[in-house]
file my_file.txt (compact mmCIF, C-alpha atoms and all ligand atoms)
# COMPACT_ATOMS: atom_id res chain seq x y z
CA MET G 1 -24.79 6.32 2.59
CA ARG G 2 -24.43 4.20 -0.51
CA SER G 3 -23.12 0.67 -0.05
CA LEU G 4 -19.89 -0.16 -1.86
CA GLU G 5 -21.50 -3.30 -3.24
CA GLY G 6 -20.85 -3.40 -6.97
CA GLN G 7 -18.83 -0.19 -6.59
CA LEU G 8 -15.25 -1.41 -6.96
CA HIS G 9 -14.70 1.26 -9.58
CA ARG G 10 -14.95 3.68 -6.63
CA CYS G 11 -12.25 1.75 -4.77
CA ALA G 12 -8.48 1.83 -5.04
CA ILE G 13 -5.60 -0.33 -3.92
CA ASN G 14 -2.49 1.12 -2.38
CA THR G 15 0.27 -1.11 -3.77
CA ALA G 16 1.76 -1.55 -0.28
CA THR G 17 -1.23 -3.83 0.34
CA LEU G 18 0.40 -6.41 -1.93
CA GLY G 19 3.76 -6.12 -0.19
CA HIS G 20 5.79 -4.70 -3.09
CA ARG G 21 6.63 -8.25 -4.13
CA GLU G 22 6.32 -7.76 -7.89
CA PRO G 23 7.24 -5.12 -10.47
CA LEU G 24 4.71 -2.30 -10.78
CA ALA G 25 3.42 -3.31 -14.22
CA LYS G 26 2.38 -6.72 -12.93
CA THR G 27 0.77 -5.21 -9.85
CA LEU G 28 -1.20 -2.71 -11.94
CA ASP G 29 -2.43 -5.49 -14.23
CA ARG G 30 -3.68 -7.48 -11.25
CA ILE G 31 -5.46 -4.47 -9.71
CA ALA G 32 -7.19 -3.55 -12.96
CA ARG G 33 -8.14 -7.17 -13.66
CA ALA G 34 -9.73 -7.45 -10.21
CA GLY G 35 -12.03 -4.56 -11.12
CA PHE G 36 -10.68 -1.75 -8.98
CA GLY G 37 -10.89 1.77 -10.33
CA GLY G 38 -7.77 3.21 -8.76
CA VAL G 39 -4.31 2.63 -7.41
CA ALA G 40 -1.82 4.41 -5.18
CA PRO G 41 1.72 3.46 -6.19
CA TRP G 42 4.96 4.06 -4.29
CA ARG G 43 7.96 6.05 -5.45
CA ARG G 44 10.41 3.17 -5.56
CA GLU G 45 8.09 1.17 -7.84
CA VAL G 46 7.53 4.06 -10.22
CA GLU G 47 11.18 5.10 -10.21
CA ALA G 48 12.17 1.52 -11.10
CA ILE G 49 10.46 1.79 -14.50
CA GLY G 50 10.28 5.57 -14.88
CA ALA G 51 7.23 7.77 -14.45
CA ALA G 52 6.56 8.01 -18.20
CA ALA G 53 6.31 4.24 -18.61
CA ALA G 54 4.22 3.94 -15.45
CA ALA G 55 1.88 6.68 -16.68
CA ARG G 56 1.42 4.96 -20.04
CA HIS G 57 0.57 1.68 -18.35
CA LEU G 58 -1.87 3.37 -15.96
CA ARG G 59 -3.64 5.13 -18.80
CA ALA G 60 -3.87 1.96 -20.86
CA LEU G 61 -5.56 0.22 -17.93
CA GLY G 62 -7.79 3.20 -17.16
CA LEU G 63 -6.70 3.33 -13.51
CA THR G 64 -7.06 6.53 -11.49
CA VAL G 65 -4.05 7.38 -9.32
CA THR G 66 -5.62 8.28 -5.98
CA GLY G 67 -2.30 9.25 -4.44
CA TYR G 68 1.44 9.03 -4.95
CA CYS G 69 3.30 7.62 -1.92
CA ARG G 70 5.05 9.32 -0.31
CA SER G 71 7.21 12.26 0.70
CA ALA G 72 10.66 12.08 2.24
CA TYR G 73 10.55 13.60 5.72
CA LEU G 74 10.29 17.34 6.16
CA ALA G 75 11.55 17.23 9.76
CA THR G 76 15.23 16.28 9.57
CA CYS G 77 18.37 16.03 11.69
CA ASP G 78 20.42 18.53 9.73
CA GLU G 79 20.43 20.91 6.81
CA ALA G 80 22.05 18.46 4.39
CA GLU G 81 19.30 15.92 5.01
CA ARG G 82 16.67 18.62 4.67
CA ARG G 83 18.00 19.67 1.28
CA ALA G 84 18.30 16.08 0.04
CA ASN G 85 14.74 15.31 1.13
CA MET G 86 13.36 18.48 -0.40
CA SER G 87 14.93 17.71 -3.78
CA ALA G 88 13.64 14.12 -3.61
CA ASN G 89 10.18 15.52 -2.91
CA ILE G 90 10.36 17.96 -5.80
CA LYS G 91 11.40 15.12 -8.14
CA ALA G 92 8.49 13.08 -6.79
CA LEU G 93 6.13 15.96 -7.58
CA ASP G 94 7.35 15.90 -11.18
CA ASP G 95 6.59 12.19 -11.30
CA ALA G 96 3.22 12.67 -9.59
CA ALA G 97 2.31 15.23 -12.26
CA GLU G 98 3.31 12.82 -15.00
CA LEU G 99 1.21 10.07 -13.39
CA GLY G 100 -1.76 12.42 -13.09
CA ALA G 101 -1.90 11.63 -9.37
CA GLN G 102 -4.80 13.18 -7.48
CA CYS G 103 -2.36 14.06 -4.69
CA PHE G 104 1.16 13.57 -3.36
CA VAL G 105 0.97 12.09 0.13
CA LEU G 106 3.03 13.80 2.81
CA VAL G 107 4.41 11.80 5.73
CA VAL G 108 6.25 14.56 7.49
CA GLY G 109 8.77 12.93 9.84
CA GLY G 110 9.13 12.44 13.59
CA ALA G 111 10.81 14.32 16.41
CA HIS G 112 13.72 11.96 17.06
CA GLY G 113 17.09 13.58 16.43
CA VAL G 114 15.55 16.87 15.35
CA LYS G 115 16.91 20.04 16.94
CA GLY G 116 14.32 21.42 19.32
CA GLY G 117 12.57 18.06 19.68
CA LEU G 118 8.85 17.91 19.07
CA VAL G 119 8.39 21.68 18.87
CA GLY G 120 11.39 22.07 16.56
CA ALA G 121 10.17 19.25 14.35
CA ARG G 122 6.69 20.77 14.05
CA SER G 123 8.22 24.08 13.10
CA GLN G 124 10.38 22.42 10.44
CA VAL G 125 7.32 20.62 9.10
CA HIS G 126 5.44 23.90 8.80
CA ASP G 127 8.30 25.45 6.83
CA GLY G 128 8.77 22.32 4.75
CA VAL G 129 5.10 22.12 3.77
CA ALA G 130 5.18 25.84 2.87
CA GLU G 131 8.21 25.34 0.62
CA LEU G 132 6.84 22.24 -1.03
CA TYR G 133 3.42 23.81 -1.49
CA LEU G 134 4.92 26.42 -3.83
CA GLU G 135 6.50 23.64 -5.91
CA ALA G 136 3.29 21.60 -5.89
CA ARG G 137 1.29 24.58 -7.12
CA LYS G 138 3.65 25.09 -10.06
CA ARG G 139 3.05 21.49 -11.09
CA GLY G 140 -0.66 21.34 -10.32
CA VAL G 141 -0.24 18.41 -7.91
CA PRO G 142 -2.19 18.77 -4.64
CA LEU G 143 -0.36 17.90 -1.42
CA ALA G 144 -2.19 15.65 1.02
CA ILE G 145 -0.84 15.74 4.57
CA GLU G 146 -1.51 12.39 6.23
CA PRO G 147 -1.82 12.68 10.01
CA LEU G 148 -0.29 9.56 11.60
CA HIS G 149 -1.26 7.83 14.85
CA PRO G 150 0.42 9.49 17.86
CA THR G 151 2.63 6.44 18.43
CA TYR G 152 4.57 7.62 15.37
CA ALA G 153 5.37 11.08 16.72
CA SER G 154 8.91 10.00 17.56
CA ASP G 155 9.90 8.39 14.30
CA ARG G 156 7.50 9.11 11.43
CA SER G 157 5.20 12.05 11.89
CA VAL G 158 4.72 14.91 14.30
CA VAL G 159 1.35 15.62 12.66
CA ASN G 160 -0.98 13.35 14.57
CA THR G 161 -4.57 14.49 14.31
CA ILE G 162 -6.91 15.65 11.59
CA ARG G 163 -7.39 18.95 13.38
CA GLN G 164 -3.66 19.55 13.61
CA ALA G 165 -3.19 18.81 9.90
CA LEU G 166 -6.08 21.10 9.08
CA ALA G 167 -4.55 23.93 11.11
CA LEU G 168 -1.30 23.41 9.21
CA CYS G 169 -3.14 23.63 5.88
CA GLU G 170 -4.90 26.83 6.90
CA SER G 171 -1.66 28.37 8.09
CA VAL G 172 0.36 27.50 4.97
CA ALA G 173 -2.29 27.96 2.30
CA PRO G 174 -5.32 29.81 3.67
CA GLY G 175 -8.25 29.29 1.36
CA ASP G 176 -6.36 27.12 -1.16
CA ASN G 177 -8.10 23.80 -0.63
CA ALA G 178 -7.39 22.70 -4.19
CA MET G 179 -3.65 22.38 -3.63
CA LEU G 180 -3.27 21.53 0.06
CA GLY G 181 -5.39 19.13 2.07
CA LEU G 182 -5.45 15.86 3.99
CA ALA G 183 -5.31 12.15 3.42
CA ILE G 184 -7.40 10.61 6.19
CA ASP G 185 -6.48 7.05 7.12
CA VAL G 186 -8.74 5.12 9.49
CA TYR G 187 -5.72 3.33 10.97
CA HIS G 188 -4.26 6.60 12.20
CA CYS G 189 -7.40 8.48 13.19
CA TRP G 190 -10.02 5.99 14.44
CA TRP G 191 -9.19 6.55 18.13
CA ASP G 192 -9.64 10.35 18.03
CA PRO G 193 -12.39 11.52 20.45
CA ASP G 194 -12.88 14.53 18.16
CA LEU G 195 -13.16 12.41 15.02
CA ALA G 196 -16.66 13.43 13.95
CA SER G 197 -16.16 17.16 14.45
CA SER G 198 -12.65 17.06 12.93
CA ILE G 199 -13.85 15.30 9.78
CA ALA G 200 -16.74 17.74 9.52
CA LEU G 201 -14.32 20.69 9.76
CA ALA G 202 -11.98 19.16 7.17
CA GLY G 203 -14.98 18.69 4.90
CA GLN G 204 -16.23 22.23 5.41
CA ALA G 205 -12.77 23.43 4.44
CA GLY G 206 -12.95 21.22 1.33
CA ARG G 207 -9.62 19.66 2.27
CA ILE G 208 -10.29 15.91 2.30
CA LEU G 209 -8.18 14.68 -0.61
CA GLY G 210 -7.91 10.99 0.21
CA TYR G 211 -9.50 8.29 2.35
CA HIS G 212 -7.53 5.17 3.34
CA VAL G 213 -8.97 2.04 4.93
CA CYS G 214 -7.69 -1.08 6.69
CA ASP G 215 -8.44 -2.09 10.29
CA TRP G 216 -6.82 -1.87 13.71
CA LEU G 217 -6.38 -5.37 15.10
CA ALA G 218 -7.33 -5.66 18.79
CA ASP G 219 -4.18 -7.67 19.46
CA THR G 220 -1.92 -5.89 17.00
CA GLN G 221 1.64 -7.17 17.09
CA ASP G 222 3.36 -4.31 15.32
CA ARG G 223 2.16 -0.75 14.94
CA LEU G 224 3.64 -0.45 11.44
CA MET G 225 3.53 -3.89 9.86
CA ASP G 226 0.46 -5.51 11.40
CA ARG G 227 -2.47 -3.65 9.97
CA GLY G 228 -5.65 -5.64 9.69
CA MET G 229 -7.93 -6.43 6.77
CA MET G 230 -11.16 -4.44 6.88
CA GLY G 231 -13.62 -6.22 9.15
CA ASP G 232 -10.95 -8.03 11.21
CA GLY G 233 -10.40 -5.28 13.76
CA VAL G 234 -12.03 -2.69 15.98
CA VAL G 235 -12.68 0.24 13.63
CA ASP G 236 -16.29 1.15 12.82
CA LEU G 237 -15.60 1.37 9.09
CA PRO G 238 -19.14 2.10 7.84
CA GLY G 239 -19.44 4.76 10.55
CA PHE G 240 -16.13 6.30 9.52
CA ARG G 241 -17.05 6.39 5.83
CA HIS G 242 -20.41 7.89 6.74
CA LEU G 243 -18.60 10.81 8.42
CA ILE G 244 -16.22 11.20 5.48
CA GLU G 245 -19.03 11.26 2.91
CA LEU G 246 -21.24 13.46 5.07
CA ALA G 247 -18.31 15.89 5.02
CA GLY G 248 -18.53 15.98 1.22
CA TYR G 249 -15.77 13.57 0.19
CA ARG G 250 -16.59 12.03 -3.18
CA GLY G 251 -13.23 10.45 -3.97
CA MET G 252 -12.20 6.82 -3.89
CA VAL G 253 -11.88 4.50 -0.92
CA GLU G 254 -8.26 3.33 -0.92
CA VAL G 255 -7.16 0.11 0.77
CA GLU G 256 -3.76 0.39 2.43
CA ILE G 257 -2.61 -2.61 4.43
CA PHE G 258 0.95 -3.16 5.68
CA SER G 259 0.99 -6.73 6.91
CA GLU G 260 4.36 -8.40 6.80
CA GLN G 261 3.37 -11.59 8.60
CA ARG G 262 -0.12 -12.11 7.24
CA TRP G 263 -1.33 -10.57 3.99
CA TRP G 264 2.08 -10.13 2.40
CA LYS G 265 2.42 -13.90 2.55
CA VAL G 266 -0.83 -14.49 0.70
CA ALA G 267 -0.95 -14.66 -3.13
CA PRO G 268 -1.59 -11.16 -4.54
CA ASP G 269 -4.76 -12.11 -6.43
CA GLU G 270 -6.21 -13.65 -3.28
CA VAL G 271 -5.41 -10.51 -1.27
CA LEU G 272 -7.22 -8.45 -3.91
CA SER G 273 -10.19 -10.77 -3.83
CA VAL G 274 -10.49 -10.48 -0.03
CA CYS G 275 -10.11 -6.69 -0.28
CA ALA G 276 -12.94 -6.61 -2.81
CA ASP G 277 -15.18 -8.73 -0.55
CA ARG G 278 -14.48 -6.66 2.54
CA LEU G 279 -14.87 -3.31 0.81
CA GLN G 280 -18.34 -4.43 -0.21
CA SER G 281 -19.33 -6.08 3.06
CA ALA G 282 -17.43 -4.35 5.89
CA CYS G 283 -16.75 -0.76 4.80
ZN ZN A 301 -2.61 5.94 4.61

call {"tool": "encode", "arguments": {"input": "my_file.txt", "output": "structure tokens"}}
result
Amino acid sequence: MRSLEGQLHRCAINTATLGHREPLAKTLDRIARAGFGGVAPWRREVEAIGAAAAARHLRALGLTVTGYCRSAYLATCDEAERRANMSANIKALDDAAELGAQCFVLVVGGAHGVKGGLVGARSQVHDGVAELYLEARKRGVPLAIEPLHPTYASDRSVVNTIRQALALCESVAPGDNAMLGLAIDVYHCWWDPDLASSIALAGQAGRILGYHVCDWLADTQDRLMDRGMMGDGVVDLPGFRHLIELAGYRGMVEVEIFSEQRWWKVAPDEVLSVCADRLQSAC
């Protein structure tokens, strides 16, 4: 496996890492100036300036858009919410196409409040992905289902393992790995006893569309907002990337750190500088 030393052009920054503290244009300038090759912006940032303006800025800086974050939930409490979320997702696909995003990231929603509980939510997610897949195909924007850690099954995602996401892909779009795949995030998947075989299967299917890194802090204080910087936690990051690359993934390594109490209080340029160091020394 190649080291990431001197390879920042193969690395991307998810803008959440900087805490959404500044307008997108400023954030993009910082990321490009720090030498990264890619970025994953969020809908609210892009919508604030419009996708056309964001796309122009991205092109001028030469940044690759590794992913567009993220879908509204596909598992919902009622039909009105389902419709509203589906139209928000279709609008986001239009924007993702304009940005030239390599994928639109799907966070599918949890079981809480959904008719039929966990089983009902998973069924809604299946139908929602199938509906959105048809829209994504029309626009040429691949969908990347991101399995989330099982602690999120209640409130954020009922898709919790790589294997489960892969089965969903095969059920909705058998054989179409160009338009439906996975975003694999170490934070959500590192604990999985089937990690190696699951990544290998996802690779064989050609469905790994994104790879997100941070770290899981041993004494994490908050399962959403206390992600660690690479190298500060318990995840074997070089081992994880080895599996991902062995499986055929050739895309960028994207840093995605939600850290309300720590990194979001540090100056953005310093956060980027630490990310650059750790990508090259700990990933
Ligand atoms: Zn992620």

call {"tool": "closest_residue", "arguments": {"input": "my_file.txt", "among": "G:Glu254, G:Asp194, G:Asp29, G:Glu260", "to": "Tyr68 (chain G)", "atoms": "all atoms listed in the file"}}
result
G:Glu254

call {"tool": "atom_distance", "arguments": {"input": "my_file.txt", "atom1": "CA of Arg278 (chain G)", "atom2": "CA of Met230 (chain G)"}}
result
5.9 Å

call {"tool": "atom_distance", "arguments": {"input": "my_file.txt", "atom1": "CA of Val65 (chain G)", "atom2": "CA of Leu201 (chain G)"}}
result
25.4 Å

call {"tool": "residues_around", "arguments": {"input": "my_file.txt", "residues": "Leu132 (chain G)", "least_positions_apart": "2", "cutoff": "9 Å", "atoms": "only C-alpha atoms", "output": "list in words"}}
result
Met86, Asn89, Ile90, Asp127, Gly128, Val129, Ala130, Leu134, Glu135, Ala136, Arg137 and Leu143 of chain G

call {"tool": "closest_residue", "arguments": {"input": "my_file.txt", "among": "G:Asp155, G:Asp78, G:Asp176, G:Asp185", "to": "ligand ZN 301 (chain A)", "atoms": "all atoms listed in the file"}}
result
G:Asp185

call {"tool": "atom_distance", "arguments": {"input": "my_file.txt", "atom1": "CA of Leu99 (chain G)", "atom2": "CA of Val39 (chain G)"}}
result
11.0 Å

call {"tool": "residues_around", "arguments": {"input": "my_file.txt", "residues": "Gly210 (chain G)", "least_positions_apart": "3", "cutoff": "9 Å", "atoms": "only C-alpha atoms", "output": "list in words"}}
result
Thr66, Gly67, Gln102, Cys103, Val105, Ala144, Glu146, Gly181, Leu182, Ala183, Ile184, Asp185, Tyr249, Gly251, Met252, Val253 and Glu254 of chain G

call {"tool": "residues_around", "arguments": {"input": "my_file.txt", "residues": "Gly228 (chain G)", "least_positions_apart": "4", "cutoff": "8 Å", "atoms": "all atoms listed in the file", "output": "mmCIF file with C-alpha atoms, keeping the file's coordinate frame"}}
result
data_model
loop_
_atom_site.group_PDB
_atom_site.id
_atom_site.type_symbol
_atom_site.label_atom_id
_atom_site.label_comp_id
_atom_site.auth_asym_id
_atom_site.auth_seq_id
_atom_site.Cartn_x
_atom_site.Cartn_y
_atom_site.Cartn_z
ATOM 1 C CA CYS G 214 -7.690 -1.080 6.690
ATOM 2 C CA ASP G 215 -8.440 -2.090 10.290
ATOM 3 C CA TRP G 216 -6.820 -1.870 13.710
ATOM 4 C CA LEU G 217 -6.380 -5.370 15.100
ATOM 5 C CA ASP G 232 -10.950 -8.030 11.210
ATOM 6 C CA GLY G 233 -10.400 -5.280 13.760
ATOM 7 C CA ILE G 257 -2.610 -2.610 4.430
ATOM 8 C CA SER G 259 0.990 -6.730 6.910
#

call {"tool": "residues_around", "arguments": {"input": "my_file.txt", "residues": "region 48-58 of chain G", "least_positions_apart": "3", "cutoff": "9 Å", "atoms": "only C-alpha atoms", "output": "ChimeraX atom specification"}}
result
/G:23-25,28-29,39,43-45,61-65,94-96,98-100

call {"tool": "write_last_selection", "arguments": {"input": "my_file.txt", "atoms": "C-alpha atoms", "output": "compact mmCIF listing (two decimals), keeping the file's coordinate frame"}}
result
# COMPACT_ATOMS: atom_id res chain seq x y z
CA PRO G 23 7.24 -5.12 -10.47
CA LEU G 24 4.71 -2.30 -10.78
CA ALA G 25 3.42 -3.31 -14.22
CA LEU G 28 -1.20 -2.71 -11.94
CA ASP G 29 -2.43 -5.49 -14.23
CA VAL G 39 -4.31 2.63 -7.41
CA ARG G 43 7.96 6.05 -5.45
CA ARG G 44 10.41 3.17 -5.56
CA GLU G 45 8.09 1.17 -7.84
CA LEU G 61 -5.56 0.22 -17.93
CA GLY G 62 -7.79 3.20 -17.16
CA LEU G 63 -6.70 3.33 -13.51
CA THR G 64 -7.06 6.53 -11.49
CA VAL G 65 -4.05 7.38 -9.32
CA ASP G 94 7.35 15.90 -11.18
CA ASP G 95 6.59 12.19 -11.30
CA ALA G 96 3.22 12.67 -9.59
CA GLU G 98 3.31 12.82 -15.00
CA LEU G 99 1.21 10.07 -13.39
CA GLY G 100 -1.76 12.42 -13.09

call {"tool": "closest_residue", "arguments": {"input": "my_file.txt", "among": "G:Pro142, G:Gly37, G:Pro147, G:Gly116", "to": "ligand ZN 301 (chain A)", "atoms": "only C-alpha atoms and all ligand atoms"}}
result
G:Pro147

call {"tool": "residues_around", "arguments": {"input": "my_file.txt", "residues": "Ser123 (chain G)", "least_positions_apart": "2", "cutoff": "12 Å", "atoms": "only C-alpha atoms", "output": "JSON, numbers by chain"}}
result
{"G": [74, 75, 76, 108, 109, 110, 111, 114, 115, 116, 117, 118, 119, 120, 121, 125, 126, 127, 128, 129, 130, 158, 159, 168, 171, 172]}

call {"tool": "residues_near_point", "arguments": {"input": "my_file.txt", "point": "(-7.1, -0.2, -1.1)", "cutoff": "6 Å", "atoms": "all atoms listed in the file", "output": "PyMOL selection string"}}
result
chain G and resi 12-14+254-256

call {"tool": "closest_residue", "arguments": {"input": "my_file.txt", "among": "G:Cys189, G:Cys11, G:Ala72, G:Leu93", "to": "ligand ZN 301 (chain A)", "atoms": "all atoms listed in the file"}}
result
G:Cys189

call {"tool": "closest_residue", "arguments": {"input": "my_file.txt", "among": "G:Ala101, G:Leu237, G:Val186, G:Val271", "to": "Cys69 (chain G)", "atoms": "only C-alpha atoms"}}
result
G:Ala101

call {"tool": "closest_residue", "arguments": {"input": "my_file.txt", "among": "G:Glu47, G:Glu22, G:Glu245, G:Glu5", "to": "Pro268 (chain G)", "atoms": "all atoms listed in the file"}}
result
G:Glu22

call {"tool": "axis_aligned_box", "arguments": {"input": "my_file.txt", "around": "region 117-120 of chain G", "padding_each_side": "4 Å", "output": "AutoDock Vina command-line options"}}
result
--center_x 10.5 --center_y 20.0 --center_z 18.1 --size_x 12.2 --size_y 12.2 --size_z 11.1

call {"tool": "build_atoms", "arguments": {"input": "my_file.txt", "residues": "region 5-23 of chain G", "atoms": "N, CA and C atoms", "output": "short mmCIF file (atom, residue, chain, number, x, y, z; two decimals), keeping the file's coordinate frame"}}
result
data_model
loop_
_atom_site.label_atom_id
_atom_site.label_comp_id
_atom_site.auth_asym_id
_atom_site.auth_seq_id
_atom_site.Cartn_x
_atom_site.Cartn_y
_atom_site.Cartn_z
N GLU G 5 -21.24 -2.10 -2.47
CA GLU G 5 -21.50 -3.30 -3.24
C GLU G 5 -21.62 -2.96 -4.72
N GLY G 6 -20.85 -3.67 -5.53
CA GLY G 6 -20.85 -3.40 -6.97
C GLY G 6 -20.17 -2.09 -7.32
N GLN G 7 -19.43 -1.52 -6.39
CA GLN G 7 -18.83 -0.19 -6.59
C GLN G 7 -17.29 -0.23 -6.58
N LEU G 8 -16.72 -1.33 -7.03
CA LEU G 8 -15.25 -1.41 -6.96
C LEU G 8 -14.56 -0.34 -7.80
N HIS G 9 -15.29 0.18 -8.79
CA HIS G 9 -14.70 1.26 -9.58
C HIS G 9 -14.49 2.51 -8.74
N ARG G 10 -15.16 2.56 -7.57
CA ARG G 10 -14.95 3.68 -6.63
C ARG G 10 -13.88 3.35 -5.60
N CYS G 11 -13.23 2.21 -5.76
CA CYS G 11 -12.25 1.75 -4.77
C CYS G 11 -10.86 1.63 -5.40
N ALA G 12 -9.86 1.86 -4.56
CA ALA G 12 -8.48 1.83 -5.04
C ALA G 12 -7.63 0.94 -4.14
N ILE G 13 -6.54 0.48 -4.70
CA ILE G 13 -5.60 -0.33 -3.92
C ILE G 13 -4.26 0.40 -3.82
N ASN G 14 -3.84 0.63 -2.59
CA ASN G 14 -2.49 1.12 -2.38
C ASN G 14 -1.56 -0.09 -2.57
N THR G 15 -0.54 0.06 -3.40
CA THR G 15 0.27 -1.11 -3.77
C THR G 15 0.99 -1.73 -2.57
N ALA G 16 1.15 -0.97 -1.49
CA ALA G 16 1.76 -1.55 -0.28
C ALA G 16 0.96 -2.75 0.22
N THR G 17 -0.34 -2.75 -0.09
CA THR G 17 -1.23 -3.83 0.34
C THR G 17 -0.76 -5.19 -0.19
N LEU G 18 -0.08 -5.16 -1.34
CA LEU G 18 0.40 -6.41 -1.93
C LEU G 18 1.86 -6.68 -1.57
N GLY G 19 2.43 -5.84 -0.73
CA GLY G 19 3.76 -6.12 -0.19
C GLY G 19 4.93 -5.79 -1.10
N HIS G 20 4.69 -5.08 -2.17
CA HIS G 20 5.79 -4.70 -3.09
C HIS G 20 6.60 -5.93 -3.52
N ARG G 21 5.91 -7.00 -3.81
CA ARG G 21 6.63 -8.25 -4.13
C ARG G 21 6.89 -8.40 -5.62
N GLU G 22 6.20 -7.59 -6.43
CA GLU G 22 6.32 -7.76 -7.89
C GLU G 22 6.57 -6.41 -8.54
N PRO G 23 7.06 -6.40 -9.77
CA PRO G 23 7.24 -5.12 -10.47
C PRO G 23 5.88 -4.42 -10.63
#
